[in-house]
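Shown below: target32.cif, with mmCIF, C-alpha atoms.
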```
data_model
#
loop_
_atom_site.label_atom_id
_atom_site.label_comp_id
_atom_site.auth_asym_id
_atom_site.auth_seq_id
_atom_site.Cartn_x
_atom_site.Cartn_y
_atom_site.Cartn_z
CA MET H 90 -141.72 28.58 52.57
CA SER H 91 -144.28 28.13 49.83
CA GLU H 92 -146.93 25.50 50.05
CA PRO H 93 -146.78 22.59 47.60
CA THR H 94 -149.06 22.82 44.62
CA ALA H 95 -151.38 19.98 43.73
CA PRO H 96 -150.64 18.22 40.46
CA GLY H 97 -152.50 19.71 37.50
CA THR H 98 -152.91 23.16 39.16
CA THR H 99 -151.01 26.40 38.71
CA ALA H 100 -149.07 27.98 41.54
CA PRO H 101 -150.30 31.41 42.74
CA GLY H 102 -148.68 34.17 40.72
CA ALA H 103 -147.31 31.78 38.08
CA PRO H 104 -148.31 32.38 34.47
CA ALA H 105 -151.05 30.12 33.20
CA PRO H 106 -149.94 27.45 30.72
CA PRO H 107 -150.66 28.40 27.14
CA GLU H 108 -153.81 26.95 25.73
CA ARG H 109 -153.64 24.76 22.68
CA PRO H 110 -154.66 26.83 19.61
CA ALA H 111 -158.11 26.14 18.27
CA ALA H 112 -156.69 25.12 14.89
CA ALA H 113 -154.41 22.54 16.53
CA ARG H 114 -157.30 21.17 18.57
CA ARG H 115 -159.45 20.88 15.49
CA ALA H 116 -156.64 19.11 13.63
CA LEU H 117 -156.20 16.69 16.53
CA TYR H 118 -159.91 15.97 16.66
CA GLY H 119 -159.96 15.54 12.90
CA TRP H 120 -157.14 12.98 12.94
CA ALA H 121 -158.82 11.11 15.81
CA ALA H 122 -162.15 11.05 13.97
CA GLY H 123 -160.47 9.95 10.76
CA GLY H 124 -158.66 7.11 12.52
CA ALA H 125 -161.86 5.93 14.19
CA LEU H 126 -163.65 6.04 10.84
CA LEU H 127 -160.96 3.95 9.14
CA LEU H 128 -161.18 1.35 11.90
CA ALA H 129 -164.97 1.17 11.66
CA LEU H 130 -165.35 1.05 7.86
CA PRO H 131 -164.77 -2.73 7.44
CA PHE H 132 -167.93 -3.33 9.48
CA TYR H 133 -170.08 -1.43 6.95
CA LEU H 134 -168.47 -1.49 3.49
CA ASP H 135 -168.86 -4.27 0.97
CA ARG H 136 -166.00 -6.09 -0.70
CA PHE H 137 -165.84 -3.72 -3.70
CA TRP H 138 -165.20 -0.62 -1.62
CA LEU H 139 -162.84 -2.42 0.75
CA GLN H 140 -160.71 -3.53 -2.18
CA ALA H 141 -160.84 -0.02 -3.64
CA GLY H 142 -159.69 1.36 -0.28
CA LEU H 143 -156.83 -1.13 -0.15
CA LEU H 144 -155.72 -0.10 -3.63
CA ALA H 145 -155.78 3.53 -2.48
CA MET H 146 -153.67 2.68 0.59
CA ALA H 147 -151.13 0.82 -1.55
CA ALA H 148 -151.02 3.72 -4.00
CA ALA H 149 -150.55 6.17 -1.11
CA ILE H 150 -147.52 4.21 0.16
CA GLY H 151 -145.98 4.20 -3.31
CA ALA H 152 -146.80 7.89 -3.84
CA ILE H 153 -145.12 8.82 -0.55
CA GLY H 154 -141.95 7.10 -1.77
CA LEU H 155 -142.09 8.85 -5.14
CA ASN H 156 -142.70 12.19 -3.42
CA LEU H 157 -139.55 11.71 -1.37
CA LEU H 158 -137.66 11.15 -4.61
CA THR H 159 -139.27 13.66 -6.98
CA GLY H 160 -141.00 16.17 -4.74
CA ALA H 161 -138.40 16.52 -1.98
CA THR H 162 -135.14 15.71 -3.80
CA GLY H 163 -136.02 16.74 -7.36
CA GLN H 164 -135.20 13.46 -9.10
CA LEU H 165 -137.67 12.77 -11.89
CA SER H 166 -138.62 9.09 -12.03
CA LEU H 167 -140.82 7.46 -14.66
CA GLY H 168 -139.99 3.93 -13.55
CA HIS H 169 -141.88 3.66 -10.26
CA SER H 170 -144.09 0.89 -11.61
CA PHE H 171 -140.99 -1.27 -12.17
CA PHE H 172 -140.22 -1.31 -8.45
CA LEU H 173 -143.86 -2.06 -7.63
CA ALA H 174 -143.56 -5.09 -9.92
CA VAL H 175 -140.36 -6.17 -8.15
CA GLY H 176 -142.16 -6.08 -4.80
CA ALA H 177 -145.31 -7.83 -6.04
CA TYR H 178 -143.61 -10.63 -7.97
CA GLY H 179 -140.81 -10.91 -5.45
CA TYR H 180 -143.38 -11.69 -2.76
CA CYS H 181 -145.10 -14.26 -5.01
CA VAL H 182 -141.85 -16.07 -5.78
CA LEU H 183 -140.58 -15.99 -2.20
CA ALA H 184 -143.86 -17.05 -0.54
CA GLY H 185 -145.30 -19.26 -3.27
CA GLU H 186 -144.95 -23.00 -3.43
CA GLY H 187 -143.03 -24.27 -6.44
CA ASP H 188 -144.69 -26.65 -8.87
CA GLY H 189 -143.99 -27.90 -12.34
CA GLU H 190 -144.74 -24.56 -13.99
CA LEU H 191 -143.99 -21.81 -11.44
CA THR H 192 -140.95 -21.28 -9.26
CA GLY H 193 -141.55 -20.72 -5.55
CA LEU H 194 -139.37 -20.85 -2.45
CA GLY H 195 -142.18 -21.47 0.05
CA LEU H 196 -140.87 -19.05 2.69
CA PRO H 197 -143.12 -17.79 5.51
CA SER H 198 -145.25 -15.04 4.06
CA TRP H 199 -144.25 -12.40 6.63
CA LEU H 200 -140.58 -13.07 5.79
CA ALA H 201 -141.41 -12.92 2.09
CA VAL H 202 -142.87 -9.43 2.59
CA VAL H 203 -139.69 -8.19 4.25
CA LEU H 204 -137.44 -9.79 1.64
CA ALA H 205 -139.58 -8.46 -1.23
CA VAL H 206 -139.24 -4.91 0.11
CA LEU H 207 -135.48 -5.40 0.49
CA LEU H 208 -135.34 -6.83 -3.03
CA ALA H 209 -137.01 -3.70 -4.40
CA GLY H 210 -134.53 -1.61 -2.42
CA ALA H 211 -131.65 -3.65 -3.85
CA ALA H 212 -132.97 -3.04 -7.37
CA GLY H 213 -133.05 0.68 -6.59
CA GLY H 214 -129.53 0.42 -5.20
CA LEU H 215 -128.27 -1.14 -8.43
CA PHE H 216 -129.77 1.77 -10.35
CA SER H 217 -128.68 4.44 -7.86
CA PRO H 218 -125.23 5.07 -9.45
CA ILE H 219 -127.08 6.11 -12.61
CA SER H 220 -129.56 8.23 -10.66
CA GLY H 221 -126.67 9.93 -8.87
CA ARG H 222 -125.14 11.08 -12.15
CA LEU H 223 -128.23 11.98 -14.19
CA ARG H 224 -130.88 14.58 -13.51
CA GLY H 225 -133.89 16.16 -15.13
CA ALA H 226 -135.25 14.68 -18.33
CA TYR H 227 -132.19 12.42 -18.72
CA LEU H 228 -132.97 10.66 -15.43
CA GLY H 229 -136.63 10.40 -16.43
CA ILE H 230 -135.71 8.69 -19.71
CA ALA H 231 -133.30 6.34 -17.94
CA THR H 232 -135.95 5.30 -15.42
CA LEU H 233 -138.48 4.91 -18.24
CA ALA H 234 -136.18 2.26 -19.69
CA LEU H 235 -136.69 0.24 -16.49
CA VAL H 236 -140.41 -0.06 -17.28
CA PHE H 237 -139.76 -1.51 -20.74
CA VAL H 238 -137.13 -3.91 -19.39
CA GLY H 239 -139.49 -4.95 -16.61
CA GLN H 240 -142.37 -5.53 -19.03
CA HIS H 241 -140.18 -7.73 -21.20
CA LEU H 242 -139.11 -9.81 -18.20
CA LEU H 243 -142.62 -10.09 -16.79
CA PHE H 244 -144.07 -11.36 -20.05
CA ASN H 245 -141.25 -13.76 -20.88
CA ALA H 246 -139.94 -15.13 -17.56
CA HIS H 247 -142.77 -17.66 -17.33
CA ASP H 248 -141.21 -19.69 -14.51
CA LEU H 249 -141.14 -16.64 -12.22
CA THR H 250 -144.06 -14.50 -13.37
CA GLY H 251 -146.48 -16.90 -15.04
CA GLY H 252 -146.31 -14.94 -18.30
CA TYR H 253 -149.25 -12.98 -19.65
CA ASN H 254 -151.78 -14.51 -17.24
CA GLY H 255 -149.66 -13.77 -14.17
CA ARG H 256 -149.58 -15.95 -11.08
CA PRO H 257 -151.72 -16.31 -7.95
CA VAL H 258 -150.67 -14.47 -4.81
CA PRO H 259 -150.12 -16.53 -1.65
CA PRO H 260 -152.13 -15.18 1.31
CA LEU H 261 -150.33 -13.38 4.10
CA SER H 262 -150.07 -15.21 7.41
CA LEU H 263 -148.99 -13.44 10.59
CA PHE H 264 -149.23 -14.46 14.24
CA GLY H 265 -151.43 -17.40 13.36
CA LEU H 266 -153.90 -15.23 11.41
CA THR H 267 -154.22 -15.95 7.70
CA PHE H 268 -155.39 -13.03 5.54
CA ASP H 269 -157.56 -15.09 3.22
CA ASP H 270 -161.30 -15.64 2.76
CA THR H 271 -161.50 -17.95 5.76
CA GLU H 272 -164.10 -16.30 7.99
CA THR H 273 -163.01 -14.75 11.27
CA VAL H 274 -166.00 -13.50 13.26
CA VAL H 275 -165.54 -10.20 15.14
CA ALA H 276 -168.54 -8.63 16.91
CA ALA H 277 -170.87 -10.93 14.97
CA VAL H 278 -169.37 -9.65 11.68
CA PRO H 279 -167.58 -12.19 9.45
CA PHE H 280 -164.17 -10.91 8.44
CA GLN H 281 -162.67 -12.24 5.22
CA ALA H 282 -159.57 -11.35 3.22
CA MET H 283 -160.45 -7.72 2.42
CA GLU H 284 -161.50 -6.89 5.98
CA LYS H 285 -158.33 -8.38 7.43
CA LEU H 286 -156.07 -6.75 4.88
CA TRP H 287 -157.77 -3.41 5.53
CA TYR H 288 -156.30 -3.16 9.01
CA ALA H 289 -152.90 -4.30 7.79
CA GLY H 290 -153.03 -1.61 5.11
CA VAL H 291 -154.02 1.09 7.61
CA LEU H 292 -151.12 0.12 9.89
CA LEU H 293 -148.58 0.03 7.05
CA LEU H 294 -149.75 3.37 5.63
CA ALA H 295 -149.60 5.04 9.06
CA CYS H 296 -146.06 3.76 9.69
CA CYS H 297 -144.84 4.78 6.22
CA ALA H 298 -146.42 8.24 6.48
CA LEU H 299 -144.99 8.91 9.95
CA PHE H 300 -141.52 7.76 8.91
CA ALA H 301 -141.53 9.92 5.77
CA ARG H 302 -142.85 12.88 7.77
CA GLY H 303 -140.01 12.48 10.24
CA VAL H 304 -137.47 12.31 7.41
CA LEU H 305 -138.79 15.44 5.74
CA ARG H 306 -138.96 17.45 8.97
CA GLY H 307 -135.50 16.43 10.12
CA ARG H 308 -131.98 17.09 8.91
CA PRO H 309 -132.25 14.66 5.96
CA GLY H 310 -135.30 16.51 4.71
CA ARG H 311 -133.51 19.85 4.77
CA ALA H 312 -130.59 18.31 2.88
CA MET H 313 -132.97 16.81 0.30
CA ASN H 314 -134.67 20.15 -0.24
CA ALA H 315 -131.31 21.85 -0.63
CA ILE H 316 -130.33 19.32 -3.31
CA ARG H 317 -133.62 19.93 -5.09
CA ASP H 318 -133.35 23.72 -5.01
CA HIS H 319 -129.63 24.06 -5.83
CA ARG H 320 -127.45 21.01 -6.12
CA ILE H 321 -124.12 22.84 -6.37
CA ALA H 322 -124.86 25.09 -3.40
CA ALA H 323 -125.87 22.07 -1.33
CA GLY H 324 -122.54 20.42 -2.12
CA VAL H 325 -120.64 23.58 -1.15
CA MET H 326 -122.46 23.59 2.20
CA GLY H 327 -121.20 20.08 2.90
CA VAL H 328 -124.20 17.97 1.84
CA PRO H 329 -123.02 14.66 0.29
CA VAL H 330 -125.17 15.07 -2.81
CA ALA H 331 -124.40 11.77 -4.53
CA ARG H 332 -124.93 9.79 -1.32
CA TYR H 333 -128.25 11.47 -0.56
CA ARG H 334 -129.54 11.04 -4.11
CA ALA H 335 -128.63 7.36 -4.09
CA GLY H 336 -130.06 6.81 -0.61
CA VAL H 337 -133.37 8.48 -1.43
CA PHE H 338 -133.65 6.40 -4.59
CA VAL H 339 -133.22 3.21 -2.55
CA LEU H 340 -135.75 4.39 0.05
CA SER H 341 -138.26 5.30 -2.65
CA SER H 342 -137.79 1.87 -4.24
CA MET H 343 -138.49 0.18 -0.92
CA TYR H 344 -141.71 2.19 -0.53
CA ALA H 345 -142.69 1.09 -4.04
CA GLY H 346 -141.86 -2.54 -3.22
CA LEU H 347 -144.11 -2.47 -0.15
CA ALA H 348 -146.88 -0.87 -2.22
CA GLY H 349 -146.46 -3.66 -4.78
CA VAL H 350 -146.83 -6.33 -2.10
CA LEU H 351 -150.02 -4.73 -0.76
CA LEU H 352 -151.38 -4.39 -4.30
CA ALA H 353 -150.71 -8.06 -4.99
CA LEU H 354 -152.43 -9.11 -1.75
CA ALA H 355 -155.46 -6.93 -2.60
CA PHE H 356 -155.74 -8.19 -6.20
CA GLN H 357 -154.89 -11.81 -5.25
CA GLN H 358 -153.49 -12.21 -8.80
CA THR H 359 -150.53 -10.48 -10.41
CA VAL H 360 -150.88 -9.36 -14.04
CA PRO H 361 -147.79 -8.06 -15.92
CA GLU H 362 -149.78 -5.60 -18.01
CA TYR H 363 -150.78 -3.65 -14.90
CA PHE H 364 -147.18 -2.63 -14.11
CA GLY H 365 -146.65 -0.60 -17.28
CA ILE H 366 -146.01 2.99 -18.23
CA ALA H 367 -149.62 3.98 -17.50
CA LEU H 368 -149.15 3.11 -13.81
CA ALA H 369 -145.92 5.13 -13.64
CA LEU H 370 -147.69 8.15 -15.10
CA GLU H 371 -150.54 7.74 -12.63
CA TYR H 372 -148.06 7.98 -9.77
CA LEU H 373 -146.68 11.21 -11.19
CA ALA H 374 -150.25 12.50 -11.40
CA MET H 375 -150.78 11.59 -7.74
CA ILE H 376 -147.91 13.67 -6.41
CA VAL H 377 -148.59 16.62 -8.74
CA ILE H 378 -152.29 16.77 -7.88
CA GLY H 379 -151.72 16.19 -4.16
CA GLY H 380 -148.69 18.43 -3.74
CA LEU H 381 -144.98 17.91 -4.36
CA GLY H 382 -142.82 17.33 -1.31
CA SER H 383 -145.73 16.69 1.07
CA VAL H 384 -146.72 13.41 2.71
CA ALA H 385 -150.33 14.51 3.09
CA GLY H 386 -150.34 15.61 -0.54
CA ALA H 387 -149.12 12.20 -1.68
CA VAL H 388 -151.91 10.49 0.25
CA ALA H 389 -154.57 12.91 -1.03
CA GLY H 390 -153.41 12.57 -4.63
CA ALA H 391 -153.27 8.78 -4.38
CA VAL H 392 -156.81 8.61 -3.01
CA PHE H 393 -158.10 10.88 -5.79
CA VAL H 394 -156.36 9.10 -8.66
CA THR H 395 -157.11 5.58 -7.37
CA LEU H 396 -160.72 5.98 -6.32
CA LEU H 397 -161.85 8.06 -9.29
CA PRO H 398 -161.99 5.15 -11.80
CA GLN H 399 -163.56 2.92 -9.13
CA VAL H 400 -166.36 5.44 -8.55
CA LEU H 401 -166.89 5.89 -12.29
CA THR H 402 -167.02 2.13 -12.77
CA ARG H 403 -169.48 1.61 -9.92
CA TYR H 404 -171.86 4.39 -10.99
CA SER H 405 -171.32 4.37 -14.77
CA GLU H 406 -174.99 3.61 -15.42
CA SER H 407 -176.16 6.81 -13.73
CA LEU H 408 -173.43 9.14 -15.06
CA PRO H 409 -173.76 10.93 -18.40
CA LEU H 410 -171.37 9.92 -21.21
CA VAL H 411 -169.83 7.17 -19.05
CA SER H 412 -170.73 3.55 -19.76
CA ALA H 413 -169.29 0.07 -19.64
CA PRO H 414 -166.49 -0.67 -22.13
CA GLY H 415 -167.75 -1.62 -25.59
CA THR H 416 -171.23 -0.08 -25.21
CA GLY H 417 -170.64 3.10 -27.19
CA GLY H 418 -169.89 5.59 -24.42
CA VAL H 419 -166.70 6.66 -22.70
CA ALA H 420 -165.23 3.84 -20.62
CA PRO H 421 -164.63 4.61 -16.91
CA GLY H 422 -160.87 4.21 -17.33
CA GLU H 423 -160.77 6.68 -20.22
CA ALA H 424 -163.01 9.15 -18.39
CA SER H 425 -160.78 9.00 -15.32
CA ARG H 426 -157.70 9.78 -17.43
CA TYR H 427 -159.46 12.80 -18.92
CA LEU H 428 -160.23 14.00 -15.41
CA TYR H 429 -156.61 13.37 -14.32
CA GLY H 430 -155.42 15.59 -17.15
CA ALA H 431 -157.93 18.30 -16.32
CA ALA H 432 -156.97 18.14 -12.64
CA ILE H 433 -153.26 18.40 -13.42
CA VAL H 434 -153.83 21.44 -15.67
CA ALA H 435 -156.01 23.06 -13.01
CA VAL H 436 -153.44 22.42 -10.29
CA VAL H 437 -150.55 23.77 -12.37
CA LEU H 438 -152.46 26.92 -13.34
CA PHE H 439 -154.43 27.77 -10.22
CA LEU H 440 -153.01 25.72 -7.33
CA PRO H 441 -149.28 25.10 -7.87
CA GLY H 442 -148.85 23.58 -4.44
CA GLY H 443 -151.47 20.89 -5.01
CA LEU H 444 -154.43 19.97 -2.85
CA VAL H 445 -152.45 20.51 0.36
CA ARG H 446 -152.16 24.19 -0.58
CA LEU H 447 -155.85 24.55 0.24
CA ALA H 448 -155.19 23.54 3.85
CA ALA H 449 -152.12 25.78 3.96
CA ARG H 450 -154.21 28.75 2.87
CA ARG H 451 -156.77 28.09 5.57
CA ALA H 452 -154.20 28.02 8.39
CA PRO H 453 -153.21 31.76 8.26
CA ARG H 454 -156.87 32.76 8.13
CA GLU H 455 -157.66 30.67 11.20
CA LYS H 456 -154.70 32.13 13.08
CA ALA H 457 -155.80 35.65 12.17
CA GLU H 458 -159.31 34.92 13.39
CA GLU H 459 -157.93 33.58 16.72
CA ARG H 460 -155.93 36.78 17.27
CA ARG H 461 -158.97 38.97 16.87
CA PRO H 462 -160.49 40.10 20.20
#
```

Show this structure as structure tokens.
Amino acid sequence: MSEPTAPGTTAPGAPAPPERPAAARRALYGWAAGGALLLALPFYLDRFWLQAGLLAMAAAIGAIGLNLLTGATGQLSLGHSFFLAVGAYGYCVLAGEGDGELTGLGLPSWLAVVLAVLLAGAAGGLFSPISGRLRGAYLGIATLALVFVGQHLLFNAHDLTGGYNGRPVPPLSLFGLTFDDTETVVAAVPFQAMEKLWYAGVLLLACCALFARGVLRGRPGRAMNAIRDHRIAAGVMGVPVARYRAGVFVLSSMYAGLAGVLLALAFQQTVPEYFGIALALEYLAMIVIGGLGSVAGAVAGAVFVTLLPQVLTRYSESLPLVSAPGTGGVAPGEASRYLYGAAIVAVVLFLPGGLVRLAARRAPREKAEERRP
């Protein structure tokens, strides 16, 4: 009769448990360090960089949704900014108080967030029969029409949108905490709207990224990739192609709606001109630069595309050829678009898999180094 073995030890003669690979340990440590850094940043950054970070988080959520649609399923969409506008303005109408000029339902703000995301999903559902029948450039042109229709409505539906000047965004209130500029002191540091929204953005981005990662690594992800690679073969294998294409379009629209809500809360004012064709093209640039079909690529591309103009704006005085608009040099927005174009060309020519391909190339080298005696 063998003697019992203490917990955490290995029985005599039993094989030792496999050690975690060094690459996996480094990745785990990296994620832990990154999470701790994100939680600590509001204590050190000023309002400008906190708002820039929030815009990057919102863009990352929207880019993840577009990557599910375009990168994983192969449906080209040029109308992502339309669904961001539905989420942003839907939240304003649902949570705002009505007055003589603007319509508002005055719902609790947390409920308005949920309903705005569902409203964006419903808009995607109404368009999904078209997305299920079109593909390629034809689907791209059809979704592009959504942007023009949305711009017309945003500029002319004054009661809902406030017209050209937009409308103010009601602050989010959750569990008795209002995400406005009312000071909340934590560890002798006054937290205002940007600091509070930062943690909400980190939580939302983490949840959205984990959910999308689970979708892509599970059975739905394999079906989506099969539809992207060969639609007819996927149908022969029993994949309900039309249902998957419609479902992914709705899911992508909900991601965009949530991104629009977070954008509105970060800006604190909605402007119709922002939700135009330029924003839709920026989202395509995000997923191409970061890497099609990858959650990490969507986040990396969103951070690059969103923070680049912010950095150029902040340091325009010390950068060559870049200056404030109207002063004779290249404006930060124009310079950032030039760099987007150069980055897209470089990615297409030299790094087809996007920025995530760099990490993928490092992994085999690290495994080979671990196998060496």

To one decimal place in Å, what is the distance between atom CA of Leu249 of chain H and atom CA of Thr267 of chain H?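 Rounded to one decimal, the two atoms are 23.8 Å apart.
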
Can you translate the PyMOL selection byres ((chain H and resi 361) around 8) into the concrete residues it hits in this file, as a list in words?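 Taken over the shown coordinates, the PyMOL selection byres ((chain H and resi 361) around 8) returns Ala174, Gln240, Leu243, Phe244, Thr250, Gly252, Tyr253, Asn254, Gly255, Thr359, Val360, Glu362, Tyr363, Phe364 and Gly365 of chain H.
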
Given only C-alpha atoms as the counted atoms, nearest of H:Ser383, H:Ser198, H:Ser220, H:Thr395 to Ala301 of chain H: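 The shortest atom-to-atom distance to Ala301 of chain H comes from H:Ser383.
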
Just to confirm, what's the straight-line distance from atom CA of Glu284 of chain H to atom CA of Pro131 of chain H in Å (one decimal)? 5.5 Å

For the file shown, report as a PyMOL selection string the outcome of the PyMOL selection byres ((chain H and resi 160-162) around 10) at residue level. chain H and resi 153-159+163-165+305+310-318+320+333-334+337-338+373+376-377+380-384+387

Residue members of the PyMOL selection byres ((chain H and resi 212) around 12) in the file shown, as a compact mmCIF listing (two decimals) with C-alpha atoms, keeping the file's coordinate frame:
```
# COMPACT_ATOMS: atom_id res chain seq x y z
CA GLY H 168 -139.99 3.93 -13.55
CA HIS H 169 -141.88 3.66 -10.26
CA PHE H 171 -140.99 -1.27 -12.17
CA PHE H 172 -140.22 -1.31 -8.45
CA LEU H 173 -143.86 -2.06 -7.63
CA ALA H 174 -143.56 -5.09 -9.92
CA VAL H 175 -140.36 -6.17 -8.15
CA GLY H 176 -142.16 -6.08 -4.80
CA GLY H 179 -140.81 -10.91 -5.45
CA ALA H 205 -139.58 -8.46 -1.23
CA VAL H 206 -139.24 -4.91 0.11
CA LEU H 207 -135.48 -5.40 0.49
CA LEU H 208 -135.34 -6.83 -3.03
CA ALA H 209 -137.01 -3.70 -4.40
CA GLY H 210 -134.53 -1.61 -2.42
CA ALA H 211 -131.65 -3.65 -3.85
CA GLY H 213 -133.05 0.68 -6.59
CA GLY H 214 -129.53 0.42 -5.20
CA LEU H 215 -128.27 -1.14 -8.43
CA PHE H 216 -129.77 1.77 -10.35
CA SER H 217 -128.68 4.44 -7.86
CA PRO H 218 -125.23 5.07 -9.45
CA THR H 232 -135.95 5.30 -15.42
CA LEU H 235 -136.69 0.24 -16.49
CA GLY H 239 -139.49 -4.95 -16.61
CA ALA H 335 -128.63 7.36 -4.09
CA PHE H 338 -133.65 6.40 -4.59
CA VAL H 339 -133.22 3.21 -2.55
CA LEU H 340 -135.75 4.39 0.05
CA SER H 341 -138.26 5.30 -2.65
CA SER H 342 -137.79 1.87 -4.24
CA MET H 343 -138.49 0.18 -0.92
CA ALA H 345 -142.69 1.09 -4.04
CA GLY H 346 -141.86 -2.54 -3.22
```

Between H:Leu438, H:Met283, H:Val330, H:Val388, which residue has the minimum interatomic distance to Leu134 of chain H, considering all atoms listed in the file? H:Met283

For Gly124 of chain H, the nearest of the candidates H:Tyr404, H:Tyr344, H:Tyr288, H:Phe268, counting only C-alpha atoms: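 Selected residue with least distance to Gly124 of chain H: H:Tyr288.
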
Please compute the atom CA of Phe300 of chain H-atom CA of Gly336 of chain H distance, one decimal, in Å. 14.9 Å

Write out as an MDAnalysis selection string the residues lying within 12 Å of Leu293 of chain H, counting only C-alpha atoms and excluding same-chain residues fewer than 5 positions away. chainID H and resid 143 146:151 202 286:288 298:300 344 347:348 350:351

Please provide the set of residues having any atom within 10 Å of segment 418-429 of chain H, restricted to only C-alpha atoms, with same-chain residues fewer than 4 positions apart removed, written as a PDB file with C-alpha atoms, in the coordinates of the input.
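The file below, part.pdb, is the result:
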```pdb
ATOM      1  CA  ALA H 367    -149.620   3.980 -17.500  1.00  0.00           C
ATOM      2  CA  GLU H 371    -150.540   7.740 -12.630  1.00  0.00           C
ATOM      3  CA  ALA H 374    -150.250  12.500 -11.400  1.00  0.00           C
ATOM      4  CA  MET H 375    -150.780  11.590  -7.740  1.00  0.00           C
ATOM      5  CA  ILE H 378    -152.290  16.770  -7.880  1.00  0.00           C
ATOM      6  CA  PHE H 393    -158.100  10.880  -5.790  1.00  0.00           C
ATOM      7  CA  VAL H 394    -156.360   9.100  -8.660  1.00  0.00           C
ATOM      8  CA  THR H 395    -157.110   5.580  -7.370  1.00  0.00           C
ATOM      9  CA  LEU H 396    -160.720   5.980  -6.320  1.00  0.00           C
ATOM     10  CA  LEU H 397    -161.850   8.060  -9.290  1.00  0.00           C
ATOM     11  CA  PRO H 398    -161.990   5.150 -11.800  1.00  0.00           C
ATOM     12  CA  GLN H 399    -163.560   2.920  -9.130  1.00  0.00           C
ATOM     13  CA  VAL H 400    -166.360   5.440  -8.550  1.00  0.00           C
ATOM     14  CA  LEU H 401    -166.890   5.890 -12.290  1.00  0.00           C
ATOM     15  CA  THR H 402    -167.020   2.130 -12.770  1.00  0.00           C
ATOM     16  CA  ARG H 403    -169.480   1.610  -9.920  1.00  0.00           C
ATOM     17  CA  TYR H 404    -171.860   4.390 -10.990  1.00  0.00           C
ATOM     18  CA  SER H 405    -171.320   4.370 -14.770  1.00  0.00           C
ATOM     19  CA  PRO H 409    -173.760  10.930 -18.400  1.00  0.00           C
ATOM     20  CA  LEU H 410    -171.370   9.920 -21.210  1.00  0.00           C
ATOM     21  CA  VAL H 411    -169.830   7.170 -19.050  1.00  0.00           C
ATOM     22  CA  SER H 412    -170.730   3.550 -19.760  1.00  0.00           C
ATOM     23  CA  ALA H 413    -169.290   0.070 -19.640  1.00  0.00           C
ATOM     24  CA  PRO H 414    -166.490  -0.670 -22.130  1.00  0.00           C
ATOM     25  CA  ILE H 433    -153.260  18.400 -13.420  1.00  0.00           C
ATOM     26  CA  VAL H 434    -153.830  21.440 -15.670  1.00  0.00           C
ATOM     27  CA  ALA H 435    -156.010  23.060 -13.010  1.00  0.00           C
TER      28      ALA H 435
END
```

Of the residues H:Ala246, H:Leu204, H:Ala353, H:Ile366, which is the one nearest to Leu261 of chain H, using all atoms listed in the file? H:Ala353

So, counting only C-alpha atoms, which residue among H:Gly443, H:Pro309, H:Gly303, H:Pro260 is closest to Ala282 of chain H? H:Pro260

Taking only C-alpha atoms into account, which of H:Ala331, H:Ala226, H:Leu292, H:Leu144 comes nearest Leu127 of chain H? H:Leu292

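The neighbours of Ala184 of chain H here are the residues that come within 7 Å of it, using all atoms listed in the file and leaving out any residue fewer than 4 positions away in the same chain; they are Tyr180, Gly193, Leu194, Gly195, Leu196, Pro197, Ser198, Ala201 and Pro259 of chain H.
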